[in-house]
2 protein chains.
Amino acid sequence: MNNGPIIHTKEACNAAVNAVRDTLYVVNGKWKLLMLVSLMTGPKRFKELQRELESITPKVLSKELRDLELNGFIKRTVYDTTPVTVIYERTEYADSLGNVINEMREWGMKHREHIKQMSRDEAEARKAVAV
Amino acid sequence: MNNGPIIHTKEACNAAVNAVRDTLYVVNGKWKLLMLVSLMTGPKRFKELQRELESITPKVLSKELRDLELNGFIKRTVYDTTPVTVIYERTEYADSLGNVINEMREWGMKHREHIKQMSRDEAEARKAVAV
DNA sequence: GATACTACTATCCTAAAGGATACCGGTATC
DNA sequence: GATACCGGTATCCTTTAGGATAGTAGTATC
């Protein structure tokens, strides 16, 4: 596995801490990354997003969409139909987060396996004691 | 740039959303990832960590250390000196987050450049208007 | 005429994260 | 005897995230 450059020195470490801090600051919260993932399958309307991200309330969705737009991750377009249609889509800059999201997706899957394995091991241990 | 598998279908998208959600759940908050980065340069004591992560209070540091230990990301060892010495170090499982952290580090650096470039562009635009 | 859809906004509220400050016992140092 | 270091706790407080609920204007549908 490639874990990237090894961080030895205090300076490299501080630079890394700051860079990760910046990233965390931009993608903070429960929803932003999930919304960007959800928009990977194509542009979506407000209600579509709300249905896909179960349990998000319109207020929160609205705010997160505004944040993402301000940061240049999504584009909001209003179509002059009746009633108006509003669609949200990822920008090119959102694609730059692709690697981050992908690593988080992979880690999440591996972590779930890890947890499962641990509870299997625990069950084995209990059985051994019972015998 | 390799952005990983393209997420087309609704199923793949939902799986991705859930995996990213899991990851976010584990590494949530301002501090956990920064602490793991900081521990990359080697095992550290409580006060050392507090000094390196400027502005973290002992209460918060203590709680985050406990969380990280419970999740198996760090190991806490007490040495029976007088007064006691307590050291914290990353476990092997923490290494599995290497790719995630590294991508976040790289993105944070690129993002900073991106912001700088945007404000440079803006300054140019203002100058053009002024002339 | 009642109801439903869209894309939200407004108001209110709770829970959790995180910070400020003080303090503890024990040791060592000045 | 005063001060400082270590590895934290305890207590209190503020800020923020996020959720619940209701409502809006303008169709469109039954």
# chains A, B, ... in the order shown; residues from 1 in each chain; ligands from 1

$ select_by_dssp --residues "stretch 16-116 of chain A" --states "strand (DSSP E)" --output "list in words"
Lys44, Arg45, Ile74, Lys75, Arg76, Thr77, Val78, Tyr79, Thr85, Val86, Ile87, Tyr88, Glu89 and Arg90 of chain A

$ interface_residues --of "chain A" --to "chain C" --cutoff "12 Å" --atoms "only C-alpha atoms (C1' of nucleotides)" --output "CSV table (one decimal) with N, CA and C atoms, in the first residue's frame"
chain,number,residue,atom,x,y,z
A,29,GLY,N,-18.9,18.7,8.3
A,29,GLY,CA,-20.3,18.4,8.5
A,29,GLY,C,-20.7,17.1,7.9
A,45,ARG,N,-32.5,17.7,-9.0
A,45,ARG,CA,-33.3,18.8,-8.5
A,45,ARG,C,-33.3,18.8,-6.9
A,46,PHE,N,-33.8,19.8,-6.4
A,46,PHE,CA,-33.9,19.9,-4.9
A,46,PHE,C,-34.5,18.7,-4.2
A,47,LYS,N,-35.7,18.4,-4.7
A,47,LYS,CA,-36.5,17.3,-4.0
A,47,LYS,C,-35.9,16.0,-4.3
A,48,GLU,N,-35.2,15.9,-5.4
A,48,GLU,CA,-34.5,14.6,-5.7
A,48,GLU,C,-33.4,14.4,-4.7
A,49,LEU,N,-32.6,15.4,-4.5
A,49,LEU,CA,-31.6,15.3,-3.5
A,49,LEU,C,-32.1,15.0,-2.1
A,50,GLN,N,-33.2,15.7,-1.8
A,50,GLN,CA,-33.8,15.5,-0.5
A,50,GLN,C,-34.2,14.0,-0.3
A,57,THR,N,-33.3,17.7,6.2
A,57,THR,CA,-34.4,18.6,6.2
A,57,THR,C,-34.2,19.7,5.1
A,58,PRO,N,-35.2,20.3,4.6
A,58,PRO,CA,-35.1,21.3,3.5
A,58,PRO,C,-34.2,22.4,4.0
A,59,LYS,N,-34.3,22.8,5.3
A,59,LYS,CA,-33.5,23.9,5.7
A,59,LYS,C,-32.0,23.6,5.6
A,60,VAL,N,-31.6,22.4,6.1
A,60,VAL,CA,-30.2,22.1,6.1
A,60,VAL,C,-29.8,21.9,4.6
A,61,LEU,N,-30.6,21.2,3.8
A,61,LEU,CA,-30.2,21.0,2.4
A,61,LEU,C,-30.0,22.3,1.7
A,62,SER,N,-30.8,23.2,2.0
A,62,SER,CA,-30.7,24.6,1.3
A,62,SER,C,-29.4,25.2,1.7
A,63,LYS,N,-29.1,25.2,3.0
A,63,LYS,CA,-27.9,25.8,3.5
A,63,LYS,C,-26.6,25.1,2.9
A,65,LEU,N,-26.4,23.4,0.2
A,65,LEU,CA,-26.3,23.7,-1.2
A,65,LEU,C,-25.7,25.1,-1.4
A,78,VAL,N,-31.4,27.8,-12.8
A,78,VAL,CA,-32.8,27.9,-12.8
A,78,VAL,C,-33.4,27.9,-14.2
A,81,THR,N,-39.3,27.4,-16.4
A,81,THR,CA,-40.5,26.6,-16.7
A,81,THR,C,-41.6,27.1,-15.7
A,82,THR,N,-42.8,26.6,-15.9
A,82,THR,CA,-43.8,26.9,-14.8
A,82,THR,C,-44.3,25.6,-14.3
A,83,PRO,N,-44.0,25.4,-13.0
A,83,PRO,CA,-43.2,26.2,-12.1
A,83,PRO,C,-41.7,26.1,-12.4
A,84,VAL,N,-40.9,26.9,-11.8
A,84,VAL,CA,-39.5,26.9,-12.1
A,84,VAL,C,-38.9,25.6,-11.8
A,85,THR,N,-37.9,25.2,-12.6
A,85,THR,CA,-37.1,24.0,-12.3
A,85,THR,C,-35.7,24.5,-11.9
A,86,VAL,N,-35.2,23.9,-10.8
A,86,VAL,CA,-33.9,24.3,-10.4
A,86,VAL,C,-33.0,23.0,-10.4
A,87,ILE,N,-31.9,23.1,-11.1
A,87,ILE,CA,-31.1,21.9,-11.0
A,87,ILE,C,-29.7,22.2,-10.5

$ residues_around --residues "stretch 91-93 of chain B" --least-positions-apart "3" --cutoff "7 Å" --atoms "only C-alpha atoms (C1' of nucleotides)" --output "PyMOL selection string"
chain B and resi 72-75+96

$ write_last_selection --atoms "N, CA and C atoms" --output "short mmCIF file (atom, residue, chain, number, x, y, z; two decimals), in the first residue's frame"
data_model
loop_
_atom_site.label_atom_id
_atom_site.label_comp_id
_atom_site.auth_asym_id
_atom_site.auth_seq_id
_atom_site.Cartn_x
_atom_site.Cartn_y
_atom_site.Cartn_z
N GLY B 72 -9.32 1.94 18.17
CA GLY B 72 -8.16 1.15 17.78
C GLY B 72 -7.14 1.87 16.92
N PHE B 73 -7.17 3.20 16.94
CA PHE B 73 -6.23 3.95 16.11
C PHE B 73 -4.94 4.30 16.84
N ILE B 74 -5.00 4.36 18.16
CA ILE B 74 -3.79 4.65 18.93
C ILE B 74 -3.69 3.71 20.13
N LYS B 75 -2.45 3.63 20.63
CA LYS B 75 -2.19 2.80 21.79
C LYS B 75 -1.63 3.70 22.89
N SER B 96 -4.02 2.31 8.09
CA SER B 96 -4.98 2.06 7.01
C SER B 96 -5.65 3.35 6.57
#

$ interface_residues --of "chain B" --to "chain A" --cutoff "9 Å" --atoms "only C-alpha atoms" --output "PyMOL selection string"
chain B and resi 1-10+13-25+28-31+33-35+37-42+52-53+95-112

$ atom_distance --atom1 "atom CA of B:Pro43" --atom2 "atom CA of B:Tyr88"
5.5 Å

$ closest_atom_pairs --of "chain D" --to "chain A" --cutoff "10 Å" --atoms "only C-alpha atoms (C1' of nucleotides)" --output "tab-separated table"
residue	atom	partner	partner_atom	distance
D:DA17	C1'	A:Gly29	CA	7.9
D:DG18	C1'	A:Val60	CA	7.1
D:DG19	C1'	A:Thr57	CA	7.3
D:DA20	C1'	A:Thr57	CA	8.9
D:DG26	C1'	A:Pro83	CA	6.9
D:DT27	C1'	A:Pro83	CA	6.4
D:DA28	C1'	A:Pro83	CA	9.8

$ select_by_dssp --residues "stretch 4-75 of chain A" --states "helix (DSSP H, G or I)" --output "PyMOL selection string"
chain A and resi 10-26+32-41+46-52+58-70

$ write_last_selection --atoms "N, CA and C atoms" --output "compact mmCIF listing (two decimals), in the first residue's frame"
# COMPACT_ATOMS: atom_id res chain seq x y z
N LYS A 10 9.51 17.90 11.69
CA LYS A 10 8.50 18.74 12.34
C LYS A 10 7.84 19.67 11.33
N GLU A 11 8.63 20.17 10.38
CA GLU A 11 8.08 21.12 9.40
C GLU A 11 7.08 20.42 8.48
N ALA A 12 7.49 19.25 7.96
CA ALA A 12 6.59 18.50 7.08
C ALA A 12 5.31 18.14 7.83
N CYS A 13 5.48 17.81 9.11
CA CYS A 13 4.32 17.44 9.92
C CYS A 13 3.39 18.62 10.09
N ASN A 14 3.95 19.79 10.40
CA ASN A 14 3.10 20.97 10.57
C ASN A 14 2.40 21.34 9.27
N ALA A 15 3.12 21.25 8.17
CA ALA A 15 2.51 21.56 6.88
C ALA A 15 1.36 20.59 6.61
N ALA A 16 1.57 19.33 6.94
CA ALA A 16 0.53 18.33 6.72
C ALA A 16 -0.68 18.61 7.61
N VAL A 17 -0.41 18.94 8.87
CA VAL A 17 -1.52 19.26 9.78
C VAL A 17 -2.34 20.41 9.23
N ASN A 18 -1.65 21.44 8.74
CA ASN A 18 -2.39 22.60 8.23
C ASN A 18 -3.19 22.27 6.97
N ALA A 19 -2.60 21.47 6.09
CA ALA A 19 -3.30 21.12 4.86
C ALA A 19 -4.54 20.30 5.16
N VAL A 20 -4.40 19.33 6.06
CA VAL A 20 -5.56 18.51 6.42
C VAL A 20 -6.61 19.36 7.12
N ARG A 21 -6.14 20.30 7.93
CA ARG A 21 -7.07 21.20 8.62
C ARG A 21 -7.88 22.01 7.60
N ASP A 22 -7.21 22.50 6.57
CA ASP A 22 -7.91 23.26 5.52
C ASP A 22 -8.98 22.41 4.85
N THR A 23 -8.62 21.18 4.52
CA THR A 23 -9.58 20.30 3.86
C THR A 23 -10.77 20.04 4.76
N LEU A 24 -10.49 19.73 6.02
CA LEU A 24 -11.58 19.48 6.96
C LEU A 24 -12.50 20.69 7.05
N TYR A 25 -11.90 21.87 7.01
CA TYR A 25 -12.69 23.09 7.14
C TYR A 25 -13.68 23.22 5.99
N VAL A 26 -13.25 22.85 4.79
CA VAL A 26 -14.09 23.03 3.61
C VAL A 26 -15.18 21.96 3.51
N LYS A 32 -21.94 17.57 3.19
CA LYS A 32 -21.36 18.10 1.95
C LYS A 32 -20.78 17.01 1.05
N LEU A 33 -19.97 16.13 1.61
CA LEU A 33 -19.38 15.09 0.78
C LEU A 33 -20.44 14.14 0.25
N LEU A 34 -21.42 13.84 1.09
CA LEU A 34 -22.48 12.94 0.65
C LEU A 34 -23.25 13.54 -0.52
N MET A 35 -23.46 14.84 -0.48
CA MET A 35 -24.16 15.50 -1.57
C MET A 35 -23.35 15.43 -2.86
N LEU A 36 -22.04 15.64 -2.72
CA LEU A 36 -21.20 15.57 -3.92
C LEU A 36 -21.20 14.15 -4.49
N VAL A 37 -21.21 13.16 -3.61
CA VAL A 37 -21.30 11.78 -4.09
C VAL A 37 -22.63 11.57 -4.81
N SER A 38 -23.68 12.03 -4.21
CA SER A 38 -25.01 11.84 -4.78
C SER A 38 -25.12 12.50 -6.16
N LEU A 39 -24.44 13.61 -6.32
CA LEU A 39 -24.50 14.32 -7.61
C LEU A 39 -23.61 13.67 -8.67
N MET A 40 -22.88 12.61 -8.28
CA MET A 40 -22.03 11.93 -9.27
C MET A 40 -22.86 11.24 -10.35
N THR A 41 -24.08 10.84 -10.00
CA THR A 41 -24.91 10.15 -11.00
C THR A 41 -25.59 11.12 -11.94
N PHE A 46 -33.84 19.81 -6.36
CA PHE A 46 -33.87 19.93 -4.90
C PHE A 46 -34.54 18.72 -4.24
N LYS A 47 -35.75 18.43 -4.67
CA LYS A 47 -36.50 17.35 -4.04
C LYS A 47 -35.85 15.99 -4.28
N GLU A 48 -35.22 15.86 -5.44
CA GLU A 48 -34.52 14.60 -5.72
C GLU A 48 -33.41 14.37 -4.70
N LEU A 49 -32.64 15.42 -4.47
CA LEU A 49 -31.56 15.32 -3.49
C LEU A 49 -32.13 15.01 -2.11
N GLN A 50 -33.21 15.70 -1.79
CA GLN A 50 -33.81 15.48 -0.47
C GLN A 50 -34.25 14.02 -0.30
N ARG A 51 -34.80 13.45 -1.36
CA ARG A 51 -35.24 12.06 -1.27
C ARG A 51 -34.05 11.12 -1.17
N GLU A 52 -32.97 11.44 -1.88
CA GLU A 52 -31.83 10.52 -1.89
C GLU A 52 -31.06 10.57 -0.58
N PRO A 58 -35.25 20.27 4.60
CA PRO A 58 -35.06 21.26 3.55
C PRO A 58 -34.18 22.42 3.99
N LYS A 59 -34.30 22.81 5.26
CA LYS A 59 -33.48 23.93 5.71
C LYS A 59 -32.00 23.61 5.61
N VAL A 60 -31.64 22.44 6.08
CA VAL A 60 -30.24 22.05 6.07
C VAL A 60 -29.77 21.85 4.63
N LEU A 61 -30.58 21.19 3.83
CA LEU A 61 -30.21 20.98 2.44
C LEU A 61 -29.96 22.30 1.74
N SER A 62 -30.85 23.23 1.95
CA SER A 62 -30.72 24.55 1.34
C SER A 62 -29.42 25.24 1.74
N LYS A 63 -29.11 25.17 3.02
CA LYS A 63 -27.89 25.80 3.50
C LYS A 63 -26.64 25.13 2.93
N GLU A 64 -26.65 23.82 2.92
CA GLU A 64 -25.47 23.10 2.43
C GLU A 64 -25.27 23.35 0.94
N LEU A 65 -26.37 23.43 0.21
CA LEU A 65 -26.27 23.73 -1.22
C LEU A 65 -25.65 25.10 -1.43
N ARG A 66 -26.07 26.06 -0.62
CA ARG A 66 -25.50 27.41 -0.74
C ARG A 66 -24.01 27.39 -0.43
N ASP A 67 -23.63 26.68 0.63
CA ASP A 67 -22.21 26.58 0.98
C ASP A 67 -21.40 25.98 -0.17
N LEU A 68 -21.91 24.89 -0.71
CA LEU A 68 -21.19 24.21 -1.79
C LEU A 68 -21.08 25.11 -3.01
N GLU A 69 -22.12 25.90 -3.27
CA GLU A 69 -22.08 26.79 -4.41
C GLU A 69 -21.04 27.90 -4.18
N LEU A 70 -21.05 28.46 -2.98
CA LEU A 70 -20.08 29.51 -2.65
C LEU A 70 -18.65 29.02 -2.79

$ atom_distance --atom1 "atom C1' of D:DT11" --atom2 "atom CA of B:Glu54"
22.7 Å

$ decode --residues "stretch 67-86 of chain B" --atoms "N, CA and C atoms" --output "CSV table (one decimal), in the first residue's frame"
chain,number,residue,atom,x,y,z
B,67,ASP,N,-11.3,8.5,22.5
B,67,ASP,CA,-12.1,8.1,21.3
B,67,ASP,C,-11.2,7.3,20.3
B,68,LEU,N,-10.0,7.8,20.1
B,68,LEU,CA,-9.1,7.2,19.1
B,68,LEU,C,-8.6,5.9,19.6
B,69,GLU,N,-8.4,5.8,20.9
B,69,GLU,CA,-8.0,4.5,21.5
B,69,GLU,C,-9.1,3.5,21.4
B,70,LEU,N,-10.4,3.9,21.7
B,70,LEU,CA,-11.5,3.0,21.6
B,70,LEU,C,-11.7,2.4,20.2
B,71,ASN,N,-11.4,3.3,19.2
B,71,ASN,CA,-11.5,2.9,17.8
B,71,ASN,C,-10.3,2.1,17.3
B,72,GLY,N,-9.3,1.9,18.2
B,72,GLY,CA,-8.2,1.2,17.8
B,72,GLY,C,-7.1,1.9,16.9
B,73,PHE,N,-7.2,3.2,16.9
B,73,PHE,CA,-6.2,4.0,16.1
B,73,PHE,C,-4.9,4.3,16.8
B,74,ILE,N,-5.0,4.4,18.2
B,74,ILE,CA,-3.8,4.6,18.9
B,74,ILE,C,-3.7,3.7,20.1
B,75,LYS,N,-2.4,3.6,20.6
B,75,LYS,CA,-2.2,2.8,21.8
B,75,LYS,C,-1.6,3.7,22.9
B,76,ARG,N,-2.1,3.5,24.1
B,76,ARG,CA,-1.7,4.3,25.2
B,76,ARG,C,-0.9,3.4,26.1
B,77,THR,N,0.3,3.9,26.5
B,77,THR,CA,1.2,3.1,27.4
B,77,THR,C,1.6,3.9,28.5
B,78,VAL,N,1.5,3.4,29.7
B,78,VAL,CA,1.9,4.1,30.9
B,78,VAL,C,3.2,3.5,31.4
B,79,TYR,N,4.3,4.3,31.6
B,79,TYR,CA,5.5,3.9,32.1
B,79,TYR,C,5.6,4.2,33.6
B,80,ASP,N,6.1,3.3,34.3
B,80,ASP,CA,6.1,3.4,35.8
B,80,ASP,C,7.3,4.2,36.3
B,81,THR,N,7.5,5.4,35.7
B,81,THR,CA,8.5,6.3,36.2
B,81,THR,C,7.9,7.2,37.3
B,82,THR,N,8.7,8.0,37.9
B,82,THR,CA,8.1,9.0,38.8
B,82,THR,C,8.5,10.4,38.4
B,83,PRO,N,7.5,11.2,38.0
B,83,PRO,CA,6.1,10.8,37.9
B,83,PRO,C,5.8,10.0,36.6
B,84,VAL,N,4.7,9.4,36.5
B,84,VAL,CA,4.4,8.5,35.4
B,84,VAL,C,4.6,9.1,34.1
B,85,THR,N,5.0,8.4,33.1
B,85,THR,CA,5.1,8.9,31.8
B,85,THR,C,4.0,8.1,31.0
B,86,VAL,N,3.3,8.9,30.2
B,86,VAL,CA,2.2,8.3,29.4
B,86,VAL,C,2.6,8.6,27.9
